[in-house]
Amino acid sequence: MKRLIYEFNESVRIAWAQIRANKMRSVLTALGVIIGIVAVTLMGTAIRGIDKGFENSLAMLGEDVLYVQKWPWTGAEDWWNYVNRPNPQAREAAALNRIIAASDKSELLFAVPFAGRSSAVKFGDVRISGVFTGGTEAEYAQLTGTEYAEGRMFNDAEAGSGRQVCTLGFDVAEALFQGRSPLGQTVAINGQPFEVIGVFAKQGEFLGMFSMDNFVLVPLNAYAKYNSIRRGVDIRVKIADKTRLAEAKEELVGAMRRVRGQQPGERDNFTINEQQAFKAQLDPVKNGIALAGLFITGLSLFVGAIGIMNITFVSVKERTKEIGTRKALGARRRSILMQFLVEAVSICLIGGVIGMGISFSLFLAVREAAPNFPVAFSPDLVVISVMVSVITGVVSGFAPAWGASRLDPVVALRYE
């Protein structure tokens with residue numbers, strides 16, 4: 001064992017001396033590996049960024065929330081079937097709550113109706129258009145667990161009486177009040193006065209499509225004074241345990257069928273939507289990125305491996321007499337094999353380190369230039385890059401190293 005360690009240390013020393021003696025040749029040889037490592041790390045950064053951004057966005061919806069709606073979020077091919085369905089109504093959310101309360105072992109906690117539309121919000125001379133105004137019940141705050149920058153959400157009494165109070169999204173409060181506290185102030189939502197009682201903490205964007213900070217929440221009864229909800233609402237249902245989503249969904253389907261008085265065998269006239277629908281849409285995007293990244297990575301590493309194999313063959317030719325001398329002095333075949341393998345792996349590792357450095361610099365630049373762009377650099381990318389570099393070095397360096405180890409010492413010493 002001690003001899004093997006000694007031989008390895010000696011191989012590392014010789015490889016380092018050769019790389020130092022041929023710096024430019026080593027860097028140029030490692031160019032393919034550098035490109036390959038940059039490709040594989042950027043691919044991993046993009047995929048992990050998408051995953052991270054997606055999970056953050058789903059958290060805004062509530063990971064343990066089911067949506068009772070007329071239309072499915074994906075796959076609505078049978079258009080006539082869906083268009084003739086009745087719209088969910090606020091009274092159906094109340095009926096669901098009665099069914100949930102009557103069950104001791106329900107997987108569901110409570111149902112909340114939600115209606116919304118785009119509005120103009122004004123305070124003084126400042127007017128913002130395109131603000132999403134939602135009407136809901138007080139329990140809505142428990143759906144997502146959103147925190148508050150200041151103030152609070154309206155309570156049951158305010159919601160039941162239809163008091164004209166509102167809680168502002170972070171960006172709306174910033175735009176209207178520009179750093180001042182809006183609590184106690186009155187804003188006009190589509191011309192109607194609402195007292196500000198709270199401001200939500202900043203949440204960010206949902207899948208980069210719309211801001212979760214550009215909205216206002218008001219009691220549903222107050223919302224219904226000025227906006228028609230005859231076309232229905234969404235019913236959002238909080239479940240008890242997100243790991244039992246399938247059971248909760250099945251119970252909700254049964255409860256909704258009871259609410260609507262549907263007969264056995266009759267087709268559901270509603271849809272239970274869940275976050276998995278978004279995940280199903282995201283998978284093809286991730287697979288496309290992974291496929292393109294793997295192709296570029298594979299091509300770059302193949303070119304890099306050919307270059308390293310070629311330069312290792314050249315190195316064996318240049319040092320044939322040295323190999324003969326070492327063998328004549330008693331060096332074993334494995335020592336020669338290890339020497340050139342370590343040299344090939346070392347070049348690949350240098351390329352890997354340079355590639356990771358480039359990728360990390362690009363990651364920092366993207367994060368600085370576009371903070372909302374989903375990228376994430378994780379430690380496992382470093383491990384993957386090192387493994388890819390080592391494997392590339394072993395594969396590309398084995399053939400010339402094997403040839404060097406099998407050289408006859410007499411022939412090698414006479415080589416010109």
# chains A, B, ... in the order shown; residues from 1 in each chain; ligands from 1

$ residues_around --residues "Gly32 (chain A)" --least-positions-apart "6" --cutoff "6 Å" --atoms "only C-alpha atoms" --output "ChimeraX atom specification"
/A:300-301,303-304

$ closest_atom_pairs --of "region 37-133 of chain A" --to "region 172-182 of chain A" --cutoff "12 Å" --atoms "only C-alpha atoms" --output "Markdown table"
| residue | atom | partner | partner_atom | distance |
| --- | --- | --- | --- | --- |
| A:Ser119 | CA | A:Val172 | CA | 11.8 |
| A:Ala120 | CA | A:Val172 | CA | 10.7 |
| A:Val121 | CA | A:Val172 | CA | 8.4 |
| A:Lys122 | CA | A:Leu176 | CA | 7.3 |
| A:Phe123 | CA | A:Leu176 | CA | 6.1 |
| A:Gly124 | CA | A:Leu176 | CA | 8.5 |
| A:Asp125 | CA | A:Leu176 | CA | 9.0 |
| A:Val126 | CA | A:Leu176 | CA | 6.0 |
| A:Arg127 | CA | A:Leu176 | CA | 7.4 |
| A:Ile128 | CA | A:Leu176 | CA | 7.8 |
| A:Ser129 | CA | A:Val172 | CA | 10.1 |
| A:Gly130 | CA | A:Val172 | CA | 10.5 |
| A:Val131 | CA | A:Val172 | CA | 7.8 |
| A:Phe132 | CA | A:Val172 | CA | 10.0 |
| A:Thr133 | CA | A:Val172 | CA | 11.0 |

$ write_last_selection --atoms "N, CA and C atoms" --output "PDB file, in the first residue's frame"
ATOM      1  N   SER A 119     -58.283  46.462 -11.845  1.00  0.00           N
ATOM      2  CA  SER A 119     -58.907  47.718 -11.417  1.00  0.00           C
ATOM      3  C   SER A 119     -57.881  48.847 -11.467  1.00  0.00           C
ATOM      4  N   ALA A 120     -58.406  50.055 -11.305  1.00  0.00           N
ATOM      5  CA  ALA A 120     -57.546  51.225 -11.125  1.00  0.00           C
ATOM      6  C   ALA A 120     -57.618  51.640  -9.661  1.00  0.00           C
ATOM      7  N   VAL A 121     -56.456  51.871  -9.061  1.00  0.00           N
ATOM      8  CA  VAL A 121     -56.401  52.266  -7.652  1.00  0.00           C
ATOM      9  C   VAL A 121     -55.767  53.652  -7.581  1.00  0.00           C
ATOM     10  N   LYS A 122     -56.389  54.536  -6.786  1.00  0.00           N
ATOM     11  CA  LYS A 122     -55.936  55.933  -6.748  1.00  0.00           C
ATOM     12  C   LYS A 122     -55.812  56.407  -5.315  1.00  0.00           C
ATOM     13  N   PHE A 123     -54.765  57.191  -5.061  1.00  0.00           N
ATOM     14  CA  PHE A 123     -54.629  57.911  -3.788  1.00  0.00           C
ATOM     15  C   PHE A 123     -54.068  59.287  -4.105  1.00  0.00           C
ATOM     16  N   GLY A 124     -54.829  60.335  -3.768  1.00  0.00           N
ATOM     17  CA  GLY A 124     -54.407  61.683  -4.117  1.00  0.00           C
ATOM     18  C   GLY A 124     -54.311  61.823  -5.628  1.00  0.00           C
ATOM     19  N   ASP A 125     -53.137  62.277  -6.073  1.00  0.00           N
ATOM     20  CA  ASP A 125     -52.949  62.454  -7.518  1.00  0.00           C
ATOM     21  C   ASP A 125     -52.323  61.231  -8.180  1.00  0.00           C
ATOM     22  N   VAL A 126     -52.004  60.235  -7.382  1.00  0.00           N
ATOM     23  CA  VAL A 126     -51.337  59.048  -7.934  1.00  0.00           C
ATOM     24  C   VAL A 126     -52.391  58.006  -8.298  1.00  0.00           C
ATOM     25  N   ARG A 127     -52.368  57.562  -9.526  1.00  0.00           N
ATOM     26  CA  ARG A 127     -53.342  56.568  -9.996  1.00  0.00           C
ATOM     27  C   ARG A 127     -52.589  55.412 -10.662  1.00  0.00           C
ATOM     28  N   ILE A 128     -52.935  54.189 -10.281  1.00  0.00           N
ATOM     29  CA  ILE A 128     -52.305  52.994 -10.869  1.00  0.00           C
ATOM     30  C   ILE A 128     -53.397  52.169 -11.536  1.00  0.00           C
ATOM     31  N   SER A 129     -53.196  51.837 -12.774  1.00  0.00           N
ATOM     32  CA  SER A 129     -54.159  50.982 -13.468  1.00  0.00           C
ATOM     33  C   SER A 129     -53.586  49.568 -13.574  1.00  0.00           C
ATOM     34  N   GLY A 130     -54.455  48.624 -13.859  1.00  0.00           N
ATOM     35  CA  GLY A 130     -54.012  47.233 -14.023  1.00  0.00           C
ATOM     36  C   GLY A 130     -53.697  46.533 -12.722  1.00  0.00           C
ATOM     37  N   VAL A 131     -54.253  47.019 -11.620  1.00  0.00           N
ATOM     38  CA  VAL A 131     -54.043  46.358 -10.318  1.00  0.00           C
ATOM     39  C   VAL A 131     -55.095  45.253 -10.160  1.00  0.00           C
ATOM     40  N   PHE A 132     -54.659  44.042  -9.811  1.00  0.00           N
ATOM     41  CA  PHE A 132     -55.601  42.943  -9.642  1.00  0.00           C
ATOM     42  C   PHE A 132     -56.281  43.077  -8.283  1.00  0.00           C
ATOM     43  N   THR A 133     -57.592  43.251  -8.306  1.00  0.00           N
ATOM     44  CA  THR A 133     -58.370  43.393  -7.071  1.00  0.00           C
ATOM     45  C   THR A 133     -59.145  42.114  -6.822  1.00  0.00           C
TER      46      THR A 133
END

$ closest_atom_pairs --of "region 248-308 of chain A" --to "region 88-92 of chain A" --cutoff "12 Å" --atoms "only C-alpha atoms" --output "tab-separated table"
residue	atom	partner	partner_atom	distance
A:Ala255	CA	A:Glu92	CA	10.1
A:Met256	CA	A:Glu92	CA	8.1
A:Arg257	CA	A:Glu92	CA	10.7
A:Arg258	CA	A:Glu92	CA	10.3
A:Val259	CA	A:Glu92	CA	6.6
A:Arg260	CA	A:Glu92	CA	8.2
A:Gly261	CA	A:Glu92	CA	11.4
A:Asn269	CA	A:Pro88	CA	9.8
A:Phe270	CA	A:Pro88	CA	7.9
A:Thr271	CA	A:Pro88	CA	10.0
A:Ile272	CA	A:Pro88	CA	11.3

$ residues_around --residues "region 230-233 of chain A" --least-positions-apart "3" --cutoff "10 Å" --atoms "only C-alpha atoms" --output "list of chain:residue names"
A:Val68, A:Gln69, A:Lys70, A:Pro86, A:Asn87, A:Pro88, A:Gln89, A:Ala90, A:Arg91, A:Glu92, A:Ala93, A:Val112, A:Pro113, A:Phe114, A:Ala115, A:Gly116, A:Gly135, A:Thr136, A:Ala224, A:Asn227, A:Arg236

$ closest_residue --among "A:Asn81, A:Thr29, A:Thr41, A:Asn56" --to "Gly357 (chain A)" --atoms "only C-alpha atoms"
A:Thr41

$ residues_around --residues "Val411 (chain A)" --least-positions-apart "6" --cutoff "10 Å" --atoms "only C-alpha atoms" --output "PDB file with N, CA and C atoms, in the first residue's frame"
ATOM      1  N   THR A 320       9.729   8.474 -24.629  1.00  0.00           N
ATOM      2  CA  THR A 320       9.920   7.025 -24.750  1.00  0.00           C
ATOM      3  C   THR A 320      11.225   6.586 -24.080  1.00  0.00           C
ATOM      4  N   LYS A 321      12.275   7.357 -24.289  1.00  0.00           N
ATOM      5  CA  LYS A 321      13.556   6.984 -23.672  1.00  0.00           C
ATOM      6  C   LYS A 321      13.467   7.050 -22.152  1.00  0.00           C
ATOM      7  N   GLY A 324      11.830   3.999 -21.009  1.00  0.00           N
ATOM      8  CA  GLY A 324      12.777   2.888 -21.052  1.00  0.00           C
ATOM      9  C   GLY A 324      13.734   2.915 -19.878  1.00  0.00           C
TER      10      GLY A 324
END

$ residues_around --residues "Ile391 (chain A)" --least-positions-apart "2" --cutoff "12 Å" --atoms "only C-alpha atoms" --output "JSON list (two decimals) with N, CA, C and O atoms, in the first residue's frame"
[["chain", "number", "residue", "atom", "x", "y", "z"],
["A", 33, "VAL", "N", -12.58, 20.31, -22.74],
["A", 33, "VAL", "CA", -13.12, 19.99, -21.41],
["A", 33, "VAL", "C", -13.70, 21.24, -20.77],
["A", 33, "VAL", "O", -14.77, 21.20, -20.11],
["A", 301, "LEU", "N", -17.05, 17.38, -24.75],
["A", 301, "LEU", "CA", -16.18, 16.44, -24.04],
["A", 301, "LEU", "C", -15.56, 15.44, -25.00],
["A", 301, "LEU", "O", -14.41, 15.01, -24.80],
["A", 302, "PHE", "N", -16.30, 15.05, -26.05],
["A", 302, "PHE", "CA", -15.72, 14.13, -27.03],
["A", 302, "PHE", "C", -14.53, 14.78, -27.73],
["A", 302, "PHE", "O", -13.46, 14.16, -27.86],
["A", 305, "ALA", "N", -11.74, 15.04, -25.24],
["A", 305, "ALA", "CA", -11.10, 13.75, -24.98],
["A", 305, "ALA", "C", -10.16, 13.35, -26.12],
["A", 305, "ALA", "O", -9.07, 12.82, -25.87],
["A", 341, "LEU", "N", -1.82, 8.32, -16.87],
["A", 341, "LEU", "CA", -3.23, 8.53, -16.52],
["A", 341, "LEU", "C", -3.39, 9.77, -15.63],
["A", 341, "LEU", "O", -4.29, 10.59, -15.82],
["A", 342, "VAL", "N", -2.50, 9.90, -14.65],
["A", 342, "VAL", "CA", -2.57, 11.06, -13.75],
["A", 342, "VAL", "C", -2.36, 12.34, -14.53],
["A", 342, "VAL", "O", -3.02, 13.37, -14.28],
["A", 344, "ALA", "N", -3.14, 12.86, -17.73],
["A", 344, "ALA", "CA", -4.36, 13.15, -18.50],
["A", 344, "ALA", "C", -5.48, 13.65, -17.60],
["A", 344, "ALA", "O", -6.19, 14.62, -17.93],
["A", 345, "VAL", "N", -5.64, 13.01, -16.43],
["A", 345, "VAL", "CA", -6.69, 13.43, -15.50],
["A", 345, "VAL", "C", -6.40, 14.84, -14.97],
["A", 345, "VAL", "O", -7.31, 15.66, -14.79],
["A", 346, "SER", "N", -5.12, 15.13, -14.74],
["A", 346, "SER", "CA", -4.76, 16.46, -14.22],
["A", 346, "SER", "C", -5.13, 17.55, -15.21],
["A", 346, "SER", "O", -5.65, 18.61, -14.83],
["A", 347, "ILE", "N", -4.85, 17.30, -16.49],
["A", 347, "ILE", "CA", -5.21, 18.30, -17.51],
["A", 347, "ILE", "C", -6.73, 18.50, -17.52],
["A", 347, "ILE", "O", -7.23, 19.63, -17.61],
["A", 348, "CYS", "N", -7.48, 17.39, -17.42],
["A", 348, "CYS", "CA", -8.95, 17.50, -17.40],
["A", 348, "CYS", "C", -9.44, 18.24, -16.17],
["A", 348, "CYS", "O", -10.39, 19.03, -16.24],
["A", 349, "LEU", "N", -8.80, 17.99, -15.03],
["A", 349, "LEU", "CA", -9.21, 18.69, -13.81],
["A", 349, "LEU", "C", -8.94, 20.18, -13.90],
["A", 349, "LEU", "O", -9.74, 21.00, -13.44],
["A", 352, "GLY", "N", -11.61, 21.47, -15.90],
["A", 352, "GLY", "CA", -12.85, 21.51, -15.11],
["A", 352, "GLY", "C", -12.89, 22.70, -14.18],
["A", 352, "GLY", "O", -13.93, 23.36, -14.05],
["A", 384, "ILE", "N", -20.36, 17.10, -9.65],
["A", 384, "ILE", "CA", -20.61, 16.52, -10.99],
["A", 384, "ILE", "C", -19.50, 16.93, -11.95],
["A", 384, "ILE", "O", -19.00, 16.10, -12.73],
["A", 385, "SER", "N", -19.08, 18.19, -11.89],
["A", 385, "SER", "CA", -18.04, 18.66, -12.81],
["A", 385, "SER", "C", -16.72, 17.93, -12.56],
["A", 385, "SER", "O", -16.02, 17.55, -13.50],
["A", 386, "VAL", "N", -16.38, 17.73, -11.28],
["A", 386, "VAL", "CA", -15.14, 17.02, -10.96],
["A", 386, "VAL", "C", -15.20, 15.58, -11.46],
["A", 386, "VAL", "O", -14.24, 15.06, -12.06],
["A", 387, "MET", "N", -16.35, 14.93, -11.26],
["A", 387, "MET", "CA", -16.51, 13.55, -11.71],
["A", 387, "MET", "C", -16.40, 13.44, -13.23],
["A", 387, "MET", "O", -15.75, 12.54, -13.76],
["A", 388, "VAL", "N", -17.07, 14.38, -13.92],
["A", 388, "VAL", "CA", -17.01, 14.37, -15.40],
["A", 388, "VAL", "C", -15.56, 14.57, -15.87],
["A", 388, "VAL", "O", -15.09, 13.91, -16.80],
["A", 389, "SER", "N", -14.83, 15.48, -15.21],
["A", 389, "SER", "CA", -13.44, 15.75, -15.59],
["A", 389, "SER", "C", -12.57, 14.51, -15.38],
["A", 389, "SER", "O", -11.75, 14.16, -16.25],
["A", 393, "GLY", "N", -10.72, 12.30, -18.26],
["A", 393, "GLY", "CA", -9.27, 12.09, -18.23],
["A", 393, "GLY", "C", -8.90, 10.62, -18.29],
["A", 393, "GLY", "O", -7.98, 10.23, -19.02],
["A", 394, "VAL", "N", -9.62, 9.78, -17.54],
["A", 394, "VAL", "CA", -9.31, 8.35, -17.52],
["A", 394, "VAL", "C", -9.59, 7.71, -18.88],
["A", 394, "VAL", "O", -8.77, 6.96, -19.41],
["A", 395, "VAL", "N", -10.76, 8.06, -19.46],
["A", 395, "VAL", "CA", -11.14, 7.47, -20.76],
["A", 395, "VAL", "C", -10.16, 7.89, -21.85],
["A", 395, "VAL", "O", -9.72, 7.07, -22.66],
["A", 396, "SER", "N", -9.83, 9.19, -21.88],
["A", 396, "SER", "CA", -8.97, 9.68, -22.97],
["A", 396, "SER", "C", -7.50, 9.30, -22.76],
["A", 396, "SER", "O", -6.75, 9.15, -23.74],
["A", 397, "GLY", "N", -7.08, 9.13, -21.52],
["A", 397, "GLY", "CA", -5.66, 8.87, -21.28],
["A", 397, "GLY", "C", -5.31, 7.40, -21.18],
["A", 397, "GLY", "O", -4.11, 7.04, -21.17],
["A", 398, "PHE", "N", -6.33, 6.54, -21.12],
["A", 398, "PHE", "CA", -6.02, 5.14, -20.86],
["A", 398, "PHE", "C", -5.26, 4.47, -22.00],
["A", 398, "PHE", "O", -4.26, 3.76, -21.76]]

$ closest_residue --among "A:Ile235, A:Val187, A:Ile34, A:Ala17" --to "Val65 (chain A)" --atoms "only C-alpha atoms"
A:Ile235

$ closest_residue --among "A:Ala401, A:Glu195, A:Ala222, A:Met212" --to "Gly160 (chain A)" --atoms "only C-alpha atoms"
A:Ala222

$ atom_distance --atom1 "CA of Ser11 (chain A)" --atom2 "CA of Gln339 (chain A)"
4.4 Å

$ select_by_dssp --residues "region 250-348 of chain A" --states "helix (DSSP H, G or I)" --output "compact mmCIF listing (two decimals) with N, CA and C atoms, in the first residue's frame"
# COMPACT_ATOMS: atom_id res chain seq x y z
N GLU A 250 -59.98 13.43 -3.69
CA GLU A 250 -61.10 12.50 -3.83
C GLU A 250 -62.26 12.91 -2.93
N GLU A 251 -61.93 13.32 -1.68
CA GLU A 251 -62.99 13.75 -0.76
C GLU A 251 -63.68 15.01 -1.27
N LEU A 252 -62.88 15.92 -1.84
CA LEU A 252 -63.46 17.17 -2.33
C LEU A 252 -64.39 16.92 -3.52
N VAL A 253 -64.01 15.99 -4.38
CA VAL A 253 -64.88 15.66 -5.51
C VAL A 253 -66.24 15.16 -4.98
N GLY A 254 -66.18 14.27 -3.99
CA GLY A 254 -67.42 13.74 -3.42
C GLY A 254 -68.25 14.85 -2.78
N ALA A 255 -67.58 15.76 -2.05
CA ALA A 255 -68.30 16.85 -1.39
C ALA A 255 -68.94 17.78 -2.41
N MET A 256 -68.21 18.10 -3.48
CA MET A 256 -68.79 18.98 -4.51
C MET A 256 -69.96 18.32 -5.22
N ARG A 257 -69.88 17.04 -5.44
CA ARG A 257 -71.01 16.33 -6.07
C ARG A 257 -72.24 16.39 -5.16
N ARG A 258 -72.02 16.29 -3.84
CA ARG A 258 -73.15 16.42 -2.90
C ARG A 258 -73.72 17.83 -2.95
N VAL A 259 -72.83 18.82 -2.98
CA VAL A 259 -73.29 20.22 -3.03
C VAL A 259 -74.15 20.46 -4.27
N ARG A 260 -73.74 19.88 -5.38
CA ARG A 260 -74.47 20.12 -6.64
C ARG A 260 -75.55 19.07 -6.92
N GLN A 276 -49.95 20.38 -9.54
CA GLN A 276 -49.29 19.39 -10.38
C GLN A 276 -49.48 19.70 -11.86
N ALA A 277 -50.58 20.40 -12.19
CA ALA A 277 -50.81 20.75 -13.59
C ALA A 277 -49.69 21.65 -14.12
N PHE A 278 -49.22 22.59 -13.29
CA PHE A 278 -48.10 23.44 -13.71
C PHE A 278 -46.82 22.63 -13.86
N LYS A 279 -46.63 21.68 -12.95
CA LYS A 279 -45.42 20.87 -13.02
C LYS A 279 -45.38 20.06 -14.31
N ALA A 280 -46.54 19.55 -14.72
CA ALA A 280 -46.61 18.78 -15.96
C ALA A 280 -46.24 19.63 -17.16
N GLN A 281 -46.60 20.94 -17.11
CA GLN A 281 -46.25 21.83 -18.21
C GLN A 281 -44.77 22.18 -18.21
N LEU A 282 -44.18 22.19 -17.02
CA LEU A 282 -42.78 22.59 -16.91
C LEU A 282 -41.82 21.49 -17.35
N ASP A 283 -42.20 20.25 -17.17
CA ASP A 283 -41.29 19.13 -17.45
C ASP A 283 -40.74 19.14 -18.88
N PRO A 284 -41.58 19.37 -19.93
CA PRO A 284 -41.01 19.40 -21.29
C PRO A 284 -39.95 20.48 -21.47
N VAL A 285 -40.13 21.64 -20.80
CA VAL A 285 -39.13 22.72 -20.90
C VAL A 285 -37.82 22.26 -20.30
N LYS A 286 -37.90 21.66 -19.11
CA LYS A 286 -36.68 21.18 -18.45
C LYS A 286 -36.01 20.08 -19.27
N ASN A 287 -36.82 19.18 -19.83
CA ASN A 287 -36.24 18.10 -20.63
C ASN A 287 -35.55 18.65 -21.87
N GLY A 288 -36.14 19.71 -22.48
CA GLY A 288 -35.53 20.33 -23.65
C GLY A 288 -34.18 20.94 -23.33
N ILE A 289 -34.12 21.65 -22.19
CA ILE A 289 -32.85 22.25 -21.76
C ILE A 289 -31.82 21.15 -21.48
N ALA A 290 -32.27 20.09 -20.81
CA ALA A 290 -31.34 19.01 -20.47
C ALA A 290 -30.82 18.32 -21.73
N LEU A 291 -31.71 18.11 -22.72
CA LEU A 291 -31.30 17.44 -23.96
C LEU A 291 -30.29 18.27 -24.73
N ALA A 292 -30.59 19.58 -24.86
CA ALA A 292 -29.66 20.47 -25.57
C ALA A 292 -28.33 20.54 -24.83
N GLY A 293 -28.39 20.65 -23.49
CA GLY A 293 -27.17 20.72 -22.69
C GLY A 293 -26.34 19.45 -22.79
N LEU A 294 -27.01 18.30 -22.77
CA LEU A 294 -26.28 17.04 -22.87
C LEU A 294 -25.62 16.88 -24.22
N PHE A 295 -26.30 17.34 -25.28
CA PHE A 295 -25.71 17.25 -26.63
C PHE A 295 -24.45 18.12 -26.72
N ILE A 296 -24.57 19.36 -26.25
CA ILE A 296 -23.40 20.27 -26.30
C ILE A 296 -22.29 19.73 -25.41
N THR A 297 -22.67 19.26 -24.22
CA THR A 297 -21.67 18.73 -23.28
C THR A 297 -20.97 17.52 -23.87
N GLY A 298 -21.78 16.58 -24.41
CA GLY A 298 -21.20 15.37 -24.97
C GLY A 298 -20.26 15.67 -26.12
N LEU A 299 -20.68 16.59 -27.01
CA LEU A 299 -19.85 16.94 -28.16
C LEU A 299 -18.54 17.59 -27.72
N SER A 300 -18.65 18.52 -26.76
CA SER A 300 -17.45 19.22 -26.28
C SER A 300 -16.50 18.26 -25.59
N LEU A 301 -17.05 17.38 -24.75
CA LEU A 301 -16.18 16.44 -24.04
C LEU A 301 -15.56 15.44 -25.00
N PHE A 302 -16.30 15.05 -26.05
CA PHE A 302 -15.72 14.13 -27.03
C PHE A 302 -14.53 14.78 -27.73
N VAL A 303 -14.72 16.04 -28.15
CA VAL A 303 -13.62 16.76 -28.80
C VAL A 303 -12.46 16.94 -27.83
N GLY A 304 -12.80 17.29 -26.58
CA GLY A 304 -11.76 17.46 -25.58
C GLY A 304 -11.00 16.17 -25.31
N ALA A 305 -11.74 15.04 -25.24
CA ALA A 305 -11.10 13.75 -24.98
C ALA A 305 -10.16 13.35 -26.12
N ILE A 306 -10.59 13.63 -27.37
CA ILE A 306 -9.72 13.33 -28.51
C ILE A 306 -8.42 14.14 -28.41
N GLY A 307 -8.57 15.43 -28.04
CA GLY A 307 -7.38 16.28 -27.92
C GLY A 307 -6.44 15.79 -26.84
N ILE A 308 -7.00 15.39 -25.69
CA ILE A 308 -6.16 14.91 -24.59
C ILE A 308 -5.51 13.58 -24.95
N MET A 309 -6.25 12.72 -25.62
CA MET A 309 -5.66 11.45 -26.05
C MET A 309 -4.49 11.69 -27.01
N ASN A 310 -4.70 12.64 -27.93
CA ASN A 310 -3.66 12.94 -28.90
C ASN A 310 -2.41 13.49 -28.22
N ILE A 311 -2.61 14.43 -27.29
CA ILE A 311 -1.46 15.05 -26.64
C ILE A 311 -0.75 14.05 -25.72
N THR A 312 -1.52 13.08 -25.16
CA THR A 312 -0.89 12.06 -24.31
C THR A 312 -0.06 11.11 -25.17
N PHE A 313 -0.55 10.77 -26.38
CA PHE A 313 0.25 9.95 -27.30
C PHE A 313 1.55 10.67 -27.66
N VAL A 314 1.43 11.99 -27.93
CA VAL A 314 2.63 12.78 -28.24
C VAL A 314 3.59 12.77 -27.06
N SER A 315 3.04 12.91 -25.86
CA SER A 315 3.87 12.92 -24.66
C SER A 315 4.60 11.59 -24.48
N VAL A 316 3.88 10.48 -24.77
CA VAL A 316 4.51 9.16 -24.67
C VAL A 316 5.66 9.05 -25.67
N LYS A 317 5.43 9.53 -26.90
CA LYS A 317 6.49 9.47 -27.91
C LYS A 317 7.70 10.29 -27.48
N GLU A 318 7.43 11.51 -26.96
CA GLU A 318 8.52 12.40 -26.56
C GLU A 318 9.35 11.81 -25.41
N THR A 320 9.73 8.47 -24.63
CA THR A 320 9.92 7.03 -24.75
C THR A 320 11.22 6.59 -24.08
N LYS A 321 12.28 7.36 -24.29
CA LYS A 321 13.56 6.98 -23.67
C LYS A 321 13.47 7.05 -22.15
N GLU A 322 12.74 8.06 -21.64
CA GLU A 322 12.57 8.19 -20.18
C GLU A 322 11.82 6.97 -19.63
N ILE A 323 10.82 6.52 -20.41
CA ILE A 323 10.07 5.33 -19.99
C ILE A 323 11.00 4.11 -19.96
N GLY A 324 11.83 4.00 -21.01
CA GLY A 324 12.78 2.89 -21.05
C GLY A 324 13.73 2.92 -19.88
N THR A 325 14.23 4.12 -19.54
CA THR A 325 15.16 4.25 -18.41
C THR A 325 14.50 3.84 -17.11
N ARG A 326 13.25 4.29 -16.91
CA ARG A 326 12.55 3.97 -15.67
C ARG A 326 12.30 2.46 -15.57
N LYS A 327 11.92 1.88 -16.70
CA LYS A 327 11.67 0.43 -16.67
C LYS A 327 12.96 -0.34 -16.41
N ALA A 328 14.07 0.14 -17.03
CA ALA A 328 15.35 -0.53 -16.81
C ALA A 328 15.80 -0.45 -15.36
N ARG A 333 4.96 -1.80 -14.63
CA ARG A 333 4.06 -1.34 -15.69
C ARG A 333 2.98 -0.43 -15.11
N ARG A 334 2.50 -0.75 -13.91
CA ARG A 334 1.42 0.05 -13.32
C ARG A 334 1.91 1.47 -13.00
N SER A 335 3.23 1.59 -12.70
CA SER A 335 3.77 2.93 -12.42
C SER A 335 3.72 3.80 -13.66
N ILE A 336 4.09 3.20 -14.81
CA ILE A 336 4.07 3.95 -16.07
C ILE A 336 2.62 4.28 -16.44
N LEU A 337 1.74 3.27 -16.28
CA LEU A 337 0.31 3.48 -16.58
C LEU A 337 -0.25 4.61 -15.73
N MET A 338 0.07 4.57 -14.42
CA MET A 338 -0.45 5.59 -13.51
C MET A 338 0.10 6.96 -13.86
N GLN A 339 1.36 7.02 -14.25
CA GLN A 339 1.99 8.30 -14.55
C GLN A 339 1.24 9.05 -15.64
N PHE A 340 0.93 8.36 -16.75
CA PHE A 340 0.28 9.06 -17.87
C PHE A 340 -1.22 9.25 -17.63
N LEU A 341 -1.82 8.32 -16.87
CA LEU A 341 -3.23 8.53 -16.52
C LEU A 341 -3.39 9.77 -15.63
N VAL A 342 -2.50 9.90 -14.65
CA VAL A 342 -2.57 11.06 -13.75
C VAL A 342 -2.36 12.34 -14.53
N GLU A 343 -1.47 12.28 -15.52
CA GLU A 343 -1.21 13.48 -16.32
C GLU A 343 -2.47 13.87 -17.12
N ALA A 344 -3.14 12.86 -17.73
CA ALA A 344 -4.36 13.15 -18.50
C ALA A 344 -5.48 13.65 -17.60
N VAL A 345 -5.64 13.01 -16.43
CA VAL A 345 -6.69 13.43 -15.50
C VAL A 345 -6.40 14.84 -14.97
N SER A 346 -5.12 15.13 -14.74
CA SER A 346 -4.76 16.46 -14.22
C SER A 346 -5.13 17.55 -15.21
N ILE A 347 -4.85 17.30 -16.49
CA ILE A 347 -5.21 18.30 -17.51
C ILE A 347 -6.73 18.50 -17.52
N CYS A 348 -7.48 17.39 -17.42
CA CYS A 348 -8.95 17.50 -17.40
C CYS A 348 -9.44 18.24 -16.17

$ closest_residue --among "A:Gly44, A:Leu362, A:Gln275, A:Arg319" --to "Asp380 (chain A)" --atoms "only C-alpha atoms"
A:Gly44
